[in-house]
Every structure is written in C-alpha cells, then in structure tokens.
>>> print(open('structure.cif').read())   # mmCIF, C-alpha atoms and all ligand atoms
data_work
#
loop_
_atom_site.label_atom_id
_atom_site.label_comp_id
_atom_site.auth_asym_id
_atom_site.auth_seq_id
_atom_site.Cartn_x
_atom_site.Cartn_y
_atom_site.Cartn_z
CA MET X 1 20.05 -13.38 -1.27
CA HIS X 2 18.24 -11.65 1.47
CA PHE X 3 18.13 -7.93 1.73
CA LYS X 4 16.93 -5.82 4.56
CA GLN X 5 14.64 -3.96 2.26
CA LEU X 6 11.55 -3.86 4.34
CA ARG X 7 13.13 -2.71 7.52
CA ARG X 8 13.10 0.93 8.34
CA TRP X 9 12.75 -0.07 11.95
CA PRO X 10 16.37 -0.80 12.86
CA LEU X 11 17.05 2.84 12.28
CA ILE X 12 14.43 3.77 14.79
CA ALA X 13 15.51 1.02 17.13
CA ALA X 14 18.86 2.75 17.39
CA PHE X 15 17.28 5.77 18.97
CA ALA X 16 17.32 6.03 22.68
CA LEU X 17 13.87 6.29 24.15
CA VAL X 18 14.18 8.98 26.70
CA ILE X 19 11.72 8.80 29.50
CA GLY X 20 10.39 12.23 30.19
CA ILE X 21 7.92 13.27 32.79
CA SER X 22 5.77 16.13 31.64
CA LEU X 23 4.75 18.26 34.53
CA ALA X 24 1.09 19.05 34.62
CA THR X 25 0.07 22.64 34.31
CA THR X 26 -3.48 23.84 34.46
CA THR X 27 -4.11 22.83 30.90
CA VAL X 28 -1.32 20.56 29.78
CA LEU X 29 -1.79 17.17 31.28
CA ALA X 30 0.05 13.93 31.35
CA ASN X 31 0.26 11.50 28.48
CA ASN X 32 1.55 13.83 25.86
CA THR X 33 4.01 12.00 23.71
CA THR X 34 6.43 14.40 22.20
CA LEU X 35 8.87 14.09 19.34
CA THR X 36 12.12 15.87 18.89
CA VAL X 37 12.99 16.58 15.28
CA ARG X 38 16.28 14.96 14.35
CA ALA X 39 16.68 15.98 10.72
CA SER X 40 18.15 19.39 10.05
CA MET X 41 14.93 20.36 8.27
CA LEU X 42 11.87 18.17 8.36
CA ASN X 43 8.98 18.47 5.96
CA VAL X 44 5.55 18.42 7.54
CA ARG X 45 3.05 16.95 5.11
CA LEU X 46 -0.71 16.96 4.69
CA GLY X 47 -0.89 13.18 4.94
CA PRO X 48 1.13 10.10 5.93
CA GLY X 49 3.39 9.67 2.91
CA LEU X 50 5.93 11.35 0.71
CA ALA X 51 3.31 11.91 -1.99
CA TYR X 52 1.45 14.39 0.17
CA THR X 53 2.16 18.08 -0.24
CA ALA X 54 4.55 19.60 2.26
CA MET X 55 2.63 22.16 4.33
CA GLY X 56 5.71 23.50 6.05
CA GLN X 57 9.02 22.65 7.60
CA VAL X 58 10.29 22.41 11.14
CA ALA X 59 13.89 22.74 12.25
CA ARG X 60 16.02 20.28 14.19
CA GLY X 61 15.22 20.28 17.89
CA THR X 62 11.58 21.30 17.46
CA GLN X 63 9.26 19.45 19.81
CA LEU X 64 6.07 18.07 18.34
CA THR X 65 3.20 16.23 20.00
CA ILE X 66 2.17 12.89 18.46
CA LEU X 67 -1.52 12.42 17.86
CA LYS X 68 -1.34 9.08 16.14
CA GLU X 69 0.85 6.86 14.02
CA GLU X 70 0.09 5.35 10.64
CA ASN X 71 2.41 3.42 8.31
CA ALA X 72 5.52 4.71 10.06
CA TRP X 73 4.30 8.32 9.87
CA TYR X 74 3.32 10.39 12.87
CA GLN X 75 0.43 12.78 12.91
CA VAL X 76 1.63 15.70 14.98
CA ARG X 77 0.34 18.93 16.35
CA LEU X 78 2.32 22.00 15.38
CA ALA X 79 2.34 25.54 16.65
CA GLY X 80 -0.90 27.34 15.91
CA ASN X 81 -2.82 24.10 16.47
CA LYS X 82 -2.06 22.93 12.94
CA ILE X 83 -1.98 19.20 12.28
CA GLY X 84 0.47 17.58 9.93
CA TRP X 85 2.42 14.40 9.30
CA VAL X 86 6.12 13.66 9.67
CA ALA X 87 8.16 10.57 8.81
CA SER X 88 8.70 8.58 12.00
CA TRP X 89 12.25 7.64 11.07
CA LEU X 90 13.31 11.27 11.14
CA VAL X 91 12.38 12.04 14.69
CA ASP X 92 13.34 10.90 18.13
CA GLN X 93 10.56 9.89 20.40
CA ASN X 94 10.43 11.25 23.86
CA GLU X 95 7.85 9.13 25.49
CA ALA X 96 6.17 10.39 28.63
CA THR X 97 5.23 7.46 30.78
CA THR X 98 3.30 9.38 33.36
CA SER X 99 -0.13 8.09 33.08
CA SER X 100 -2.67 9.98 35.06
CA ALA X 101 -5.39 11.72 33.11
CA ARG X 102 -8.22 13.86 34.41
CA VAL X 103 -11.63 12.37 33.90
CA ALA X 104 -14.56 14.41 32.65
CA THR X 105 -18.12 13.61 31.73
CA THR X 106 -20.03 15.06 28.81
CA LYS X 107 -22.81 17.50 29.67
CA SER X 108 -24.78 16.57 26.59
CA ARG X 109 -24.40 14.60 23.37
CA LEU X 110 -21.07 15.70 21.96
CA ASN X 111 -19.34 15.42 18.59
CA VAL X 112 -15.89 13.86 18.61
CA ARG X 113 -13.64 15.39 15.99
CA GLN X 114 -10.36 14.46 14.36
CA THR X 115 -8.75 17.79 15.16
CA ALA X 116 -9.66 20.82 17.23
CA GLY X 117 -12.24 23.00 15.51
CA THR X 118 -15.85 22.96 14.39
CA THR X 119 -14.88 22.25 10.79
CA ALA X 120 -12.84 19.15 11.61
CA ALA X 121 -14.09 15.72 10.55
CA ILE X 122 -16.48 14.08 13.01
CA LEU X 123 -15.24 10.67 14.16
CA GLY X 124 -18.33 9.89 16.24
CA THR X 125 -20.48 11.16 19.06
CA LEU X 126 -20.50 10.68 22.81
CA ASP X 127 -23.75 10.38 24.74
CA ALA X 128 -24.52 12.72 27.60
CA GLY X 129 -22.78 11.55 30.76
CA ALA X 130 -20.06 9.63 28.90
CA LYS X 131 -16.71 9.53 30.67
CA VAL X 132 -13.64 10.77 28.84
CA ASN X 133 -9.94 10.91 29.72
CA ILE X 134 -8.39 14.30 29.09
CA LEU X 135 -5.00 14.38 27.37
CA TYR X 136 -4.63 18.05 26.55
CA GLN X 137 -6.62 21.26 26.40
CA GLU X 138 -6.16 24.44 24.45
CA ASN X 139 -8.25 27.22 22.92
CA GLY X 140 -11.59 25.81 23.99
CA TRP X 141 -10.86 22.30 22.77
CA THR X 142 -10.00 19.17 24.69
CA GLU X 143 -8.02 16.24 23.38
CA ILE X 144 -9.32 12.93 24.67
CA THR X 145 -8.62 9.27 24.14
CA TYR X 146 -11.24 7.91 21.77
CA GLN X 147 -11.31 4.46 20.22
CA ASN X 148 -7.60 3.95 20.69
CA THR X 149 -6.62 7.22 19.14
CA ALA X 150 -6.62 10.85 20.12
CA ALA X 151 -9.60 13.01 19.23
CA TRP X 152 -11.08 16.36 20.14
CA VAL X 153 -14.26 17.63 21.75
CA ALA X 154 -15.38 21.14 22.67
CA THR X 155 -14.24 21.92 26.22
CA SER X 156 -17.55 23.66 26.91
CA GLY X 157 -19.31 20.31 26.59
CA LEU X 158 -17.32 18.72 29.41
CA MET X 159 -17.59 18.68 33.17
CA LEU X 160 -14.62 17.66 35.31
CA THR X 161 -15.35 14.88 37.74
CA GLY X 162 -12.40 15.63 39.98
CA GLN X 163 -11.18 12.08 39.37
CA THR X 164 -8.03 11.01 37.65
CA VAL X 165 -7.33 7.68 36.07
CA THR X 166 -4.07 5.84 35.79
CA LEU X 167 -3.37 4.56 32.35
CA ALA X 168 -0.72 1.91 31.97
CA ALA X 169 2.00 3.05 29.61
CA PRO X 170 2.08 2.85 26.73
CA THR X 171 -1.63 3.28 27.04
CA GLN X 172 -2.90 4.06 23.63
CA THR X 173 -2.58 1.51 20.90
CA TYR X 174 -1.43 4.23 18.56
CA LEU X 175 1.69 4.46 20.66
CA LYS X 176 2.29 0.75 20.62
CA LYS X 177 2.89 0.91 16.91
CA ALA X 178 5.44 3.64 17.47
CA THR X 179 7.54 1.21 19.47
CA PRO X 180 10.33 -0.14 17.29
CA ALA X 181 9.11 -3.44 15.94
CA LYS X 182 11.03 -5.85 13.81
CA THR X 183 7.97 -7.24 12.16
CA SER X 184 6.83 -5.18 9.25
CA THR X 185 3.12 -4.85 8.61
CA LEU X 186 3.62 -3.98 4.98
CA THR X 187 0.73 -4.90 2.75
CA VAL X 188 0.72 -5.06 -1.03
CA THR X 189 -2.17 -4.88 -3.47
CA THR X 190 -2.36 -7.09 -6.53
CA THR X 191 -2.52 -5.22 -9.84
CA ILE X 192 -3.67 -8.30 -11.77
CA ALA X 193 -5.12 -11.71 -10.91
CA THR X 194 -2.04 -13.19 -9.29
CA ASN X 195 -0.73 -16.69 -8.75
CA VAL X 196 0.34 -17.56 -5.24
CA ARG X 197 3.15 -20.08 -5.35
CA SER X 198 4.69 -22.49 -2.89
CA ALA X 199 8.15 -20.93 -3.31
CA ALA X 200 9.77 -17.81 -4.73
CA GLY X 201 10.10 -18.29 -8.48
CA ILE X 202 7.97 -18.59 -11.59
CA ASN X 203 8.57 -22.33 -11.78
CA ALA X 204 7.21 -23.04 -8.31
CA PRO X 205 3.79 -24.76 -8.14
CA VAL X 206 0.75 -22.48 -7.93
CA THR X 207 -1.12 -23.09 -4.69
CA THR X 208 -3.91 -20.57 -5.16
CA GLN X 209 -4.85 -17.47 -7.08
CA VAL X 210 -5.93 -14.10 -5.77
CA ALA X 211 -8.05 -11.56 -7.63
CA LYS X 212 -6.88 -8.21 -8.86
CA GLY X 213 -7.05 -5.64 -6.08
CA ALA X 214 -6.55 -8.14 -3.25
CA THR X 215 -4.63 -6.96 -0.22
CA LEU X 216 -1.88 -9.28 0.95
CA THR X 217 0.13 -9.07 4.13
CA VAL X 218 3.86 -9.31 3.47
CA LEU X 219 5.67 -11.80 5.67
CA ASN X 220 9.04 -11.69 3.99
CA GLN X 221 10.80 -10.70 0.83
CA GLU X 222 13.19 -12.67 -1.33
CA ASN X 223 14.61 -10.67 -4.20
CA ASP X 224 11.67 -9.97 -6.49
CA TRP X 225 9.24 -12.15 -4.56
CA TYR X 226 7.05 -11.46 -1.56
CA GLN X 227 6.08 -14.16 0.86
CA VAL X 228 2.52 -13.18 1.71
CA LYS X 229 -0.55 -14.15 3.67
CA THR X 230 -3.90 -13.87 1.91
CA SER X 231 -7.09 -12.62 3.53
CA THR X 232 -8.13 -16.26 3.96
CA GLY X 233 -4.94 -17.02 5.84
CA GLN X 234 -3.10 -18.93 3.11
CA THR X 235 0.59 -18.23 2.77
CA GLY X 236 2.70 -18.37 -0.35
CA TYR X 237 4.80 -16.32 -2.73
CA VAL X 238 3.81 -13.68 -5.27
CA ALA X 239 6.02 -11.88 -7.78
CA SER X 240 6.70 -8.28 -6.82
CA TRP X 241 5.81 -7.10 -10.33
CA THR X 242 2.21 -8.24 -9.87
CA VAL X 243 1.58 -6.05 -6.85
CA THR X 244 1.95 -2.46 -5.73
CA THR X 245 3.22 -1.37 -2.35
CA PRO X 246 2.02 1.69 -0.43
CA GLY X 247 5.22 3.32 -1.65
CA ASP X 248 4.16 2.80 -5.28
CA LYS X 249 0.78 4.35 -4.67
CA ALA X 250 2.44 7.34 -3.10
CA ALA X 251 4.65 7.71 -6.19
CA LYS X 252 7.38 8.06 -3.67
CA SER X 253 9.96 10.69 -4.28
CA ALA X 254 11.94 12.33 -1.58
CA THR X 255 12.31 16.08 -1.62
CA SER X 256 15.16 16.14 0.84
CA LEU X 257 17.96 13.84 1.88
CA ALA X 258 16.30 13.40 5.25
CA GLU X 259 13.32 11.76 3.58
CA ALA X 260 15.28 9.69 1.13
CA THR X 261 16.03 6.00 1.01
CA ILE X 262 19.60 5.51 -0.17
CA LEU X 263 20.75 2.05 -1.20
CA LEU X 264 24.52 1.66 -0.92
CA ASP X 265 26.10 -1.08 -2.97
CA PRO X 266 29.62 -2.04 -1.92
CA GLY X 267 31.13 -3.73 -4.98
CA HIS X 268 32.21 -7.40 -4.94
CA GLY X 269 32.39 -9.41 -1.69
CA GLY X 270 32.94 -12.97 -0.53
CA VAL X 271 34.59 -15.10 -3.21
CA ASP X 272 34.61 -12.09 -5.52
CA SER X 273 37.49 -10.03 -4.22
CA GLY X 274 37.43 -7.44 -7.02
CA ALA X 275 40.63 -5.85 -8.20
CA LEU X 276 43.89 -6.04 -6.27
CA SER X 277 46.29 -3.40 -5.02
CA THR X 278 49.98 -3.84 -5.87
CA GLY X 279 50.38 -5.26 -2.37
CA GLY X 280 47.59 -7.80 -2.94
CA LYS X 281 44.81 -6.05 -0.97
CA TYR X 282 41.25 -6.68 -2.14
CA GLU X 283 38.92 -4.11 -3.66
CA LYS X 284 35.97 -5.69 -1.80
CA THR X 285 37.47 -4.64 1.55
CA TYR X 286 37.58 -0.95 0.67
CA THR X 287 34.21 -0.80 -1.09
CA LEU X 288 32.62 -2.05 2.13
CA ALA X 289 34.61 0.37 4.30
CA ALA X 290 33.62 3.26 2.04
CA ALA X 291 29.96 2.20 2.07
CA LYS X 292 29.94 2.08 5.85
CA ALA X 293 31.51 5.53 6.15
CA ILE X 294 29.04 6.95 3.63
CA GLY X 295 26.13 5.15 5.29
CA ALA X 296 26.98 6.56 8.71
CA ALA X 297 27.19 10.09 7.31
CA LEU X 298 23.84 9.72 5.52
CA THR X 299 22.15 8.22 8.56
CA ALA X 300 23.32 11.20 10.60
CA GLN X 301 21.38 13.38 8.15
CA GLY X 302 18.22 11.38 8.71
CA ALA X 303 18.36 9.39 5.48
CA ASN X 304 17.10 5.82 5.46
CA VAL X 305 20.20 3.85 4.45
CA GLU X 306 20.14 0.29 3.17
CA TYR X 307 22.98 -1.90 1.89
CA THR X 308 23.13 -4.60 -0.75
CA ARG X 309 25.70 -6.22 1.51
CA ASP X 310 27.01 -5.11 4.87
CA SER X 311 29.54 -7.86 5.41
CA ASP X 312 32.11 -9.73 3.38
CA LYS X 313 29.75 -11.95 1.43
CA PHE X 314 29.11 -12.68 -2.21
CA VAL X 315 26.11 -10.93 -3.76
CA ASP X 316 25.39 -11.40 -7.46
CA LEU X 317 24.83 -8.39 -9.69
CA ALA X 318 21.15 -8.99 -10.58
CA PRO X 319 19.91 -8.93 -6.97
CA ARG X 320 21.71 -5.63 -6.37
CA ALA X 321 19.73 -3.85 -9.07
CA ALA X 322 16.56 -5.73 -8.09
CA ALA X 323 16.97 -4.53 -4.52
CA SER X 324 17.02 -0.95 -5.72
CA ASN X 325 13.84 -1.51 -7.73
CA THR X 326 11.91 -3.26 -4.98
CA LEU X 327 13.04 -0.76 -2.39
CA HIS X 328 12.22 2.16 -4.69
CA ALA X 329 15.50 3.70 -3.64
CA ASP X 330 15.69 7.44 -4.12
CA ALA X 331 19.33 6.89 -4.99
CA PHE X 332 21.40 3.76 -5.59
CA ILE X 333 25.14 4.23 -5.17
CA SER X 334 27.52 1.47 -6.18
CA LEU X 335 31.07 1.73 -4.88
CA HIS X 336 34.13 0.42 -6.67
CA PHE X 337 37.81 1.08 -7.20
CA ASP X 338 39.28 1.01 -10.68
CA SER X 339 42.32 -0.85 -11.88
CA THR X 340 44.46 -0.94 -14.98
CA PRO X 341 46.24 -3.92 -16.63
CA ASP X 342 49.57 -2.42 -15.61
CA PRO X 343 49.93 -0.98 -12.12
CA ASN X 344 50.55 2.72 -11.53
CA THR X 345 49.39 3.82 -14.96
CA ALA X 346 46.19 5.70 -14.05
CA SER X 347 44.78 7.77 -11.22
CA GLY X 348 41.58 9.55 -10.24
CA PHE X 349 37.88 8.95 -9.65
CA THR X 350 34.96 8.66 -12.08
CA THR X 351 31.19 8.74 -11.55
CA TYR X 352 29.19 6.54 -13.95
CA TYR X 353 25.53 6.50 -14.88
CA TYR X 354 23.57 4.42 -17.38
CA ASP X 355 20.21 6.10 -17.95
CA PRO X 356 20.70 9.83 -18.53
CA THR X 357 17.06 10.66 -17.82
CA THR X 358 16.95 9.06 -14.38
CA SER X 359 20.54 9.24 -13.28
CA LYS X 360 22.70 11.84 -14.99
CA SER X 361 21.70 14.65 -12.65
CA LEU X 362 22.50 12.41 -9.68
CA ALA X 363 25.91 11.57 -11.15
CA THR X 364 26.64 15.23 -11.79
CA ALA X 365 25.60 16.37 -8.31
CA VAL X 366 27.65 13.73 -6.52
CA ASN X 367 30.64 14.10 -8.84
CA THR X 368 30.70 17.86 -8.34
CA ALA X 369 30.74 17.46 -4.57
CA LEU X 370 33.48 14.81 -4.79
CA GLY X 371 35.49 17.11 -7.05
CA ASN X 372 35.26 19.90 -4.52
CA ALA X 373 36.28 17.69 -1.61
CA LEU X 374 38.98 15.36 -2.94
CA THR X 375 42.51 16.03 -4.03
CA LEU X 376 42.49 13.08 -6.40
CA THR X 377 42.00 13.85 -10.12
CA ASN X 378 38.34 14.18 -11.08
CA ARG X 379 37.76 12.15 -14.25
CA LYS X 380 34.18 13.47 -14.23
CA THR X 381 30.99 11.64 -15.10
CA ALA X 382 30.57 9.12 -17.89
CA TYR X 383 28.03 6.73 -19.36
CA ALA X 384 28.67 3.06 -18.63
CA ASN X 385 26.74 -0.10 -19.35
CA TYR X 386 27.08 -1.78 -15.96
CA GLU X 387 24.46 -4.35 -14.99
CA VAL X 388 23.74 -2.80 -11.59
CA LEU X 389 22.90 0.44 -13.40
CA ARG X 390 21.32 -1.00 -16.55
CA ASP X 391 18.78 -3.12 -14.68
CA ASN X 392 18.10 -0.35 -12.20
CA ARG X 393 14.90 1.68 -12.59
CA GLN X 394 15.90 4.06 -9.80
CA PRO X 395 18.36 6.96 -9.98
CA SER X 396 21.62 5.07 -9.84
CA ILE X 397 25.34 5.73 -10.12
CA LEU X 398 28.54 3.77 -9.85
CA MET X 399 31.52 5.51 -8.30
CA GLU X 400 35.04 4.33 -9.14
CA MET X 401 36.77 6.07 -6.31
CA GLY X 402 40.40 5.80 -7.40
CA TYR X 403 42.70 3.17 -8.92
CA ILE X 404 43.41 0.44 -6.44
CA ASN X 405 46.55 -0.65 -8.32
CA SER X 406 47.94 2.87 -8.28
CA ASP X 407 50.09 3.15 -5.17
CA LYS X 408 49.32 6.84 -4.94
CA ASP X 409 45.56 6.27 -5.07
CA PHE X 410 45.69 3.22 -2.81
CA LYS X 411 47.33 5.22 -0.08
CA LEU X 412 44.17 7.34 -0.02
CA ILE X 413 41.70 4.51 -0.67
CA SER X 414 42.99 2.60 2.34
CA SER X 415 42.87 5.60 4.68
CA ALA X 416 39.98 6.41 7.01
CA ALA X 417 40.46 10.10 6.23
CA TYR X 418 39.73 9.59 2.54
CA GLN X 419 36.67 7.46 3.29
CA GLN X 420 35.44 10.23 5.54
CA GLN X 421 36.02 12.92 2.90
CA MET X 422 34.16 10.77 0.42
CA ALA X 423 31.27 10.33 2.86
CA THR X 424 30.99 14.06 3.51
CA ALA X 425 31.06 14.78 -0.21
CA VAL X 426 28.37 12.19 -0.99
CA VAL X 427 26.14 13.79 1.66
CA GLN X 428 26.71 17.21 0.10
CA GLY X 429 26.16 15.89 -3.40
CA LEU X 430 22.88 14.23 -2.43
CA GLN X 431 21.71 17.31 -0.56
CA ALA X 432 22.32 19.39 -3.67
CA TYR X 433 20.61 16.76 -5.81
CA PHE X 434 17.43 16.62 -3.72
CA LYS X 435 17.39 20.38 -3.25
CA ALA X 436 17.58 20.96 -7.00
CA GLY X 437 14.43 18.89 -7.32
CA ASN X 438 15.51 17.56 -10.71
CA HIS X 439 15.35 13.99 -9.54
CA GLN X 440 12.52 11.63 -10.38
ZN ZN X 501 34.86 -3.16 -8.77
#
>>> encode(input="structure.cif", output="structure tokens")
Amino acid sequence: MHFKQLRRWPLIAAFALVIGISLATTTVLANNTTLTVRASMLNVRLGPGLAYTAMGQVARGTQLTILKEENAWYQVRLAGNKIGWVASWLVDQNEATTSSARVATTKSRLNVRQTAGTTAAILGTLDAGAKVNILYQENGWTEITYQNTAAWVATSGLMLTGQTVTLAAPTQTYLKKATPAKTSTLTVTTTIATNVRSAAGINAPVTTQVAKGATLTVLNQENDWYQVKTSTGQTGYVASWTVTTPGDKAAKSATSLAEATILLDPGHGGVDSGALSTGGKYEKTYTLAAAKAIGAALTAQGANVEYTRDSDKFVDLAPRAAASNTLHADAFISLHFDSTPDPNTASGFTTYYYDPTTSKSLATAVNTALGNALTLTNRKTAYANYEVLRDNRQPSILMEMGYINSDKDFKLISSAAYQQQMATAVVQGLQAYFKAGNHQ
C-alpha cells in the first residue's frame, strides 16, 4: 500500500503562481516575493514549525514578504518590521519576476545581519568596497542578497553605484525551494542504532547499520518503513519506529484547522464493497464520495488533507491506522455507513472513538456540528473497538453517517446535498475542536 503521506506539495502545486510586477518606488525595489494569506486566520510563529510559539496572527488577504524558506515554512516580514514564520501550504505565492536590483558598495567593513536592527544575529561581514544587490530598504536598513538568502546591512554603510544588475528569476536559491517540487527532502534521525535493510520488513536482509543520531534522507515511504539514503550514499529501508521526523521533534500539534493535517479514511474499497443498500449499491462508493466532499471543504480552509484511499481500491485496515501514525495526523476521520441485518429497521448517524483521552473530544466536537447541520437522527458518540481506531495513536474517529440499508437514510447518503452538509459540519466541528485547544 502506498500512501501520499510525505507530500504536502500537491496542495501547493494547485495554487496558481501569479506573476506580479512590483513597481519600484524610491525605496521598494524589485525582487520582493510576496505572499497572500489564504487561510482565514494564519498563525505567525517564532520559528519554522508548529512547535514554535505563535507571535501573532494575520488575516486572509494580508500580503507578506518572503525572506527565506525552510522545511516548507516561509520566513516573512510583517508590519512593523517584525519577522516571523508561516506555513507555506497556507499561503499563495505571488512571485515577482522582475529582476533588476540596484547595486551598492560598502563604505567600510560592514556587519551582515539576519534581520534589520543592531541586535539581530550577525551572519557575516562584508569588506569595504564589496558589491551588494539591494532588495529592499526601510528605516535605515537595507535588505541585500547574501549567500543565497536575504540579509540586512545598515543603509548608512552603503554607497549606490548607480548600476543595476539583472538577476535571472527565480534568482535566489531560497526561492527555488518555494517552487512546488514533487520530491520531498524529508530527513529522519535515528533514535537507536538502526538496521538498514534491503527491503521494507523486519525479515529483509540487513545491508548495513547506522548509529544512533544519524541523519537519513528519505527517498520513499512504504507503510511503516522509510526507504532512505545514508550519509555514505547507501540506500535501504529502516523501520519508522527507529527514527524521528522533524514533525516528531516539533511535537507537532495544530492550533487551528488551517495548520492541521487531516487524514480522511473512506471505508472499504476495491473488492471490499462494504454494506449494501436495498437496491444493491455499495457502501464503498458513498464513503469515497463523502471523503472527497469533506476533503474539498477542509482544503478550502487551508488544512492539509490526505486520504488513505482516493480511488476505488482495496486498502487493508492496518495500513490505514499506520498511515495516521506515520503522518502524525492531527485528526483521522474514517467514513462509513451502517447497516442492519434487516433493511429499514434503523436510522441515524453515530460518531465512534476508541481512546477517550486522545479522541473523545474530537468525536464530541464533530458529532455536535453534525447534529446541528443534519436532519437525520443523531445517535451521538460512542466507544467502539474498531481496528482503525484501536491501532491509531492520533486523535481518531469513525463516523457512521446513516444506515445504507434504510431507504430513508440512503436517499440522503446518495445525494450530493447531504455530502455537502456533512462536509460543512465536519469543517465546523474541527474548527471548534482546534479552537477549544483540548486536543493533543
Ligand atoms: Zn463500513
């Protein structure tokens, strides 16, 4: 089974890259790359990851200037010359391709700083007479290109040469990484001395061993195994439980839906058709339709949505839960439709959870929103020992969204309107859940 767990990029790839020409003013020069905030509210954090404290929020439509990109996070400049980090998958990029920059020389030896200000970290120094390309100026500070990133020097230390240079776009390497790329550069770190094997599985021959703390480049992922490349260039497979990902280190936990990774799990698929309607229609068809409707609604809110299956194919139960664990999903939502031995004997929807500590609050939040939105009987939340929940370490629920062999329920289940209502309610439920902050 192959999941798209490592790919945040397709989401970004869907964005249109709008070519904008920024008109030069006396201080604002070409080569600013601006972002437009896409999420309704976007947290700006102190560092590139969800573990960093939020220093503020910006509203949808706000324009931010990218300074650099790191691990799918953008460092941006905010109003008041503050610097913060935003998740790249939550913003549109508006890339200016104009590429002329004014050239200046340094009057004397000059400190190059990470941000504007005399207290900012010093990245290096420029000798007297060094040439720099000016990206932006404000409040006595000049942003320049420096070692493939953007950095700042005091404007008073510069002398304009009157020249401009043309920089091919995208000029800076920090922008190259912002271009949607299918290849992930995820690395993992071994937590113990780890066997590298010739195939994914504990019975595969060991080809080499790497020490605890080694950094491995991830080439691919197969269920609970990473195909990796070692620092010496050897490739092989390591078990995911012997390594940590950057997400683990960050103790990832979204504080809003826009930052969350939601794994949708359409029940059944392929040879497993699930339950049948009285007219012989398959449950698997409607779980997938519901997942797609919900996924679209979540994506529109800026969430990173993944699926355990996005077509009519068979996926076993164990890999579904494993996908949630490896992905560190902020919420795992399994979609099903109930049935009874005799048709037309039950009706309504139920939201199940297994682990009350990780998942009951999620079940309650989503069930409440569904109850408010749907006309179908709310059978409330309940504990259930389902494998996709039991083997799931992430907040996880299973929604039985009506009885497929109830003609009354099936009329709804098979309608686009009901799927849409369900999608809207799941969005609202998750928003309430993340807002309440009672998630893990
Ligand atoms: Zn089912």
>>> closest_residue(input="structure.cif", among="X:Ala303, X:Ala275, X:Ala291, X:Val366", to="ligand ZN 501 (chain X)", atoms="only C-alpha atoms and all ligand atoms")
X:Ala275
>>> residues_near_ligand(input="structure.cif", ligand="ligand ZN 501 (chain X)", cutoff="7 Å", atoms="all atoms listed in the file", output="count of residues only")
8
>>> atom_distance(input="structure.cif", atom1="CA of Ala260 (chain X)", atom2="CA of Val76 (chain X)")
20.4 Å
>>> residues_around(input="structure.cif", residues="Val44 (chain X)", least_positions_apart="6", cutoff="7 Å", atoms="all atoms listed in the file", output="ChimeraX atom specification")
/X:54-57,84-86
>>> residues_around(input="structure.cif", residues="region 373-375 of chain X", least_positions_apart="4", cutoff="7 Å", atoms="all atoms listed in the file", output="PyMOL selection string")
chain X and resi 369+421+425
